[in-house]
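Since the structure comes first, as structure tokens, the remarks are kept for the end.
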Amino acid sequence: MNVLLAIIQTLFFIVLAPLLAGWVKWCKCYLQNRKAPSLLQPYRDLIKLTLKQPVVSKDASWLFLIAPYIIFSATALAVTVVPFFLVNLPTAASADVIVMVGFLAFARFFLVLAGLDVGTAFGGMGSSREMTISSMAEPAMLMAIFTITMTASTTNLSFAIGHVIEEGLVLRPSFIFALFALILVAVAETGRIPVDNPATHLELTMIHEAMILEYSGRHLALIEWASQLKLMLYGVLIANIFFPWGMAETLIISALGYGLLAIMGKLAILAVILAISETLLAKMRLFRVQEFLSFAYLLGLLGMLSHIILEASR
Amino acid sequence: MDIENLDHYSQLILSLAALVTLTSFIMLAQGRLLRLVFVFALQGFLLVLATSIAAYSFDNPHLYISAAITLVLKVLFIPWMLRRHILKLNMHRDVEALNNKTTLMLGGASLVVFSYYVLHPIMQNSSMILLNALSLSLAVILLGMLLMISHHQAIAHVVGFMSIENGLFFAATVSTNGMPMVVELGVAFDVLVAAVLFGIFFLHISSSIDSLDVDKMNRLNEVDQ
């Protein structure tokens with residue numbers, strides 16, 4: 001029964017991810033005085049791409065062909081670890097948050113390899129930039145996550161979120177830092193402004209788009225979907241760890257429905273904040289990303305220090 | 001005692017303590033003078049908030065007076081004066097080149113660890129939970145010194161000096177419910193006089209060496225080389 005629920009939850013997650021991307025786009029358009037596409041546009045794009053015939057370069061190896069499937073399934077596996085609207089997730093017991101980071105790193109590794117595979121200048125450039133950014137984003141993310149896991153004394157996301165709910169409203173200095181660190185890391189990892197611009201296709205500054213420039217058809221659809229999943233995963237992580245109230249703790253239908261509504265509301269608010277920050281900020285120079293991410297690392301470090309200094313019992 | 005057993009006021013004061021430390025770090029990495037002064041004002045404001053909450057929750061009305069003095073002096077008057085100087089000396093477009101910000105930040109983080117290590121025995125022997133914030137206020141003092149060491153501009157030095165004073169003020173608030181009123185007023189007056197004197201010094205330094213970069217003072221010699 002529980003496993004079935006976990007599968008249903010993951011399916012919900014995967015199906016709703018394009019909707020979140022559409023909502024972010026909608027908010028951005030509205031803020032920038034443009035006419036917004038329909039909220040369902042990402043679904044239409046995915047369907048259209050799936051129906052199209054993929055064009056593959058004659059120099060592409062087998063790696064280029066299987067990479068989209070690996071990327072999508074690794075991201076989907078990472079998603080299974082994150083409690084979406086149900087706190088007590090059986091899959092969270094078998095894989096903790098560090099495994100989730102590992103899955104994301106695995107997906108990224110194949111994305112980078114696929115970018116390098118065809119041998120275009122853009123692909124290699126994007127891959128090297130992606131690796132540079134991720135090598136700095138990952139320690140910052142782990143630092144923020146360790147801060148949370150030290151409070152809950154578990155790396156299991158279900159137990160950690162359960163611990164936060166059980167405690168009620170406690171203002172923890174370490175959580176403030178971890179929240180901001182995780183937001184900065186999420187911006188960098190999902191390739192949003194100011195680190196990368198998701199809306200551009202032909203610019204020398206692009207990172208994610210440069211890697212997937214050679215993809216088309218259903219391969220491109222899978223990669224796009226995986227990156228939408230990743231955006232939603234970070235959103236759910238931020239919303240559920242720091243503001244878990246409203247999540248379903250029991251298996252009653254009404255609680256589950258309420259939990260689903262709560263997380264969708266929280267994600268909608270987060271997306272509005274993302275759209276506002278993307279409208280206000282300009283993309284920064286690539287060499288300033290290092291400062292941005294070392295600030296995120298510093299926030300994570302300060303979170304951990306303030307956990308030890310201010311919150312530990314004596 | 002764990003933080004979850006405290007009331008929300010104490011949790012808020014501890015969180016503000018952490019945020020004050022964060023503003024010290026932001027000042028450390030800030031190359032633009034106007035932003036530096038703004039963050040300094042923000043630090044003062046967080047301090048005022050923490051002090052007023054402490055005054056309210058521990059029922060110490062005299063802390064309201066300290067908070068009011070801090071608000072007037074460190075949030076309004078000194079930042080306003082520094083801003084005026086920066087605009088008058090036409091330095092608001094300068095960006096100070098800080099070499100190796102990341103090392104500076106990590107150095108700052110190790111100062112936090114150091115102050116925790118130093119004050120740990122004192123905290124062990126006390127039951128006051130707010131005393132936890134004492135090591136953060138020592139960290140603010142040390143970070144102010146690091147700011148003075150790492151920056152070259154005289155105005156940044158003044159901001160560092162004032163933020164050392166912020167750290168002392170915060171230490172007094174969390175450990176002994178504020179200094180005696182006489183001391184408080186004396187310190188406030190000192191800070192005020194120092195701020196005015198610094199303003200005069202700025203004008204003299206900039207008129208004699210045509211810059212506020214104190215590194216250039218090393219080149220001043222009695223005899224021509």
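Every chain in the structure tokens has a letter given in the order shown (A, B, ...), and although residue numbers restart at 1 in each chain, ligands are simply numbered from 1 in the order shown.
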Residues flagged helix (DSSP H, G or I) by DSSP in segment 42-90 of chain A, as a VMD selection string | chain A and resid 42 to 51 62 to 81 90
Restricting the output to C-alpha atoms, write the selected residues as a short mmCIF file (atom, residue, chain, number, x, y, z; two decimals), in the first residue's frame.
data_model
loop_
_atom_site.label_atom_id
_atom_site.label_comp_id
_atom_site.auth_asym_id
_atom_site.auth_seq_id
_atom_site.Cartn_x
_atom_site.Cartn_y
_atom_site.Cartn_z
CA PRO A 42 5.10 23.02 -21.75
CA TYR A 43 2.91 19.90 -22.15
CA ARG A 44 2.16 20.84 -25.75
CA ASP A 45 5.88 21.38 -26.38
CA LEU A 46 6.71 18.00 -24.91
CA ILE A 47 4.06 16.24 -27.01
CA LYS A 48 5.15 18.03 -30.16
CA LEU A 49 8.80 17.16 -29.56
CA THR A 50 7.92 13.53 -28.88
CA LEU A 51 6.04 13.24 -32.17
CA TRP A 62 25.69 5.31 -28.62
CA LEU A 63 26.25 7.47 -25.54
CA PHE A 64 24.52 10.39 -27.19
CA LEU A 65 21.47 8.21 -27.85
CA ILE A 66 21.05 6.67 -24.41
CA ALA A 67 21.99 9.77 -22.40
CA PRO A 68 18.47 11.34 -22.45
CA TYR A 69 16.94 8.14 -21.05
CA ILE A 70 19.57 7.89 -18.32
CA ILE A 71 19.20 11.58 -17.44
CA PHE A 72 15.43 11.36 -17.20
CA SER A 73 15.35 8.14 -15.19
CA ALA A 74 18.08 9.27 -12.78
CA THR A 75 16.21 12.51 -12.14
CA ALA A 76 12.96 10.57 -11.70
CA LEU A 77 14.70 8.29 -9.19
CA ALA A 78 15.97 11.34 -7.31
CA VAL A 79 12.36 12.54 -7.20
CA THR A 80 11.19 9.33 -5.51
CA VAL A 81 13.31 10.17 -2.47
CA PRO A 90 8.79 4.26 2.23
#
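What chain B places within 8 Å of chain A, counting only C-alpha atoms, is Met1, Asp2, Ile3, Glu4, His8, Gln11, Leu12, Leu14, Ser15, Leu16, Ala18, Leu19, Leu22, Thr102, Met105, Leu106, Ala109, Val112, Val113, Tyr116, Gln124, Asn132, Ala133 and Ser135 of chain B.
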Per residue of segment 94-206 of chain A within 10 Å of segment 222-227 of chain A, which atom pair is closest and at what distance in Å (one decimal), using only C-alpha atoms, listed by chain and increasing number, as a tab-separated table?
residue	atom	partner	partner_atom	distance
A:Ala107	CA	A:Ala226	CA	9.1
A:Leu111	CA	A:Ile223	CA	8.7
A:Glu189	CA	A:Ser227	CA	9.8
A:Thr190	CA	A:Ser227	CA	7.1
A:Gly191	CA	A:Ser227	CA	9.1
Measuring atom to atom with only C-alpha atoms, identify which of B:Phe25, B:Phe169, B:Trp80, B:Tyr117 is nearest to Ala195 of chain B.
->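 Nearest candidate to Ala195 of chain B out of B:Phe25, B:Phe169, B:Trp80, B:Tyr117: B:Trp80.
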Excluding segment 147-161 of chain A and any residue of its chain fewer than 2 positions from it, enumerate the residues within 8 Å of it, using only C-alpha atoms, and give them as a short mmCIF file (atom, residue, chain, number, x, y, z; two decimals) with C-alpha atoms, in the first residue's frame.
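Produced file result05.cif, reproduced below:
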data_model
loop_
_atom_site.label_atom_id
_atom_site.label_comp_id
_atom_site.auth_asym_id
_atom_site.auth_seq_id
_atom_site.Cartn_x
_atom_site.Cartn_y
_atom_site.Cartn_z
CA VAL A 81 13.31 10.17 -2.47
CA VAL A 82 11.66 13.55 -1.87
CA PRO A 83 8.38 13.58 0.08
CA VAL A 87 5.47 12.82 4.90
CA ASN A 88 6.04 9.17 5.53
CA LEU A 89 7.57 7.87 2.32
CA ALA A 92 12.91 7.68 1.67
CA ALA A 93 13.92 4.94 4.09
CA ALA A 95 17.63 6.12 0.04
CA ASP A 96 18.49 9.25 1.96
CA VAL A 97 19.13 12.78 0.84
CA ILE A 98 22.78 12.12 -0.01
CA MET A 143 26.56 21.99 3.67
CA ALA A 144 22.98 23.31 3.77
CA ILE A 145 21.62 19.77 3.92
CA HIS A 163 10.80 16.13 13.01
CA VAL A 164 10.22 19.71 11.79
CA ILE A 165 6.43 19.22 11.79
CA SER A 174 20.61 27.68 11.31
CA PHE A 175 17.47 27.08 9.24
CA ALA A 178 20.28 26.85 5.27
CA ASN A 240 8.81 20.89 2.40
CA ILE A 241 11.89 21.13 4.58
CA PRO A 244 6.29 21.51 5.87
CA GLY A 300 25.74 26.88 4.67
CA GLY A 303 24.21 27.75 9.32
CA MET A 304 26.17 24.82 10.63
CA HIS A 307 23.59 25.35 14.86
#
If you count only C-alpha atoms, which residues fall within 12 Å of Leu197 of chain B, apart from same-chain ones fewer than 6 positions away, as a list in words?
->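 Listing them by chain and then by number gives Ile78, Met81, Leu82, Val158, Asp190, Val191, Leu203 and His204 of chain B.
Counting only C-alpha atoms, the residue from B:Arg93, B:Lys74, B:His120, B:His62 that sits nearest to Phe45 of chain B is B:Lys74.
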Can you pull out every residue within 12 Å of Leu138 of chain B, counting only C-alpha atoms, but drop anything in the same chain fewer than 3 positions away, and send it as a PyMOL selection string?
-> chain B and resi 17+20-21+24+108+111-120+131-135+141-145+163-172+174-175
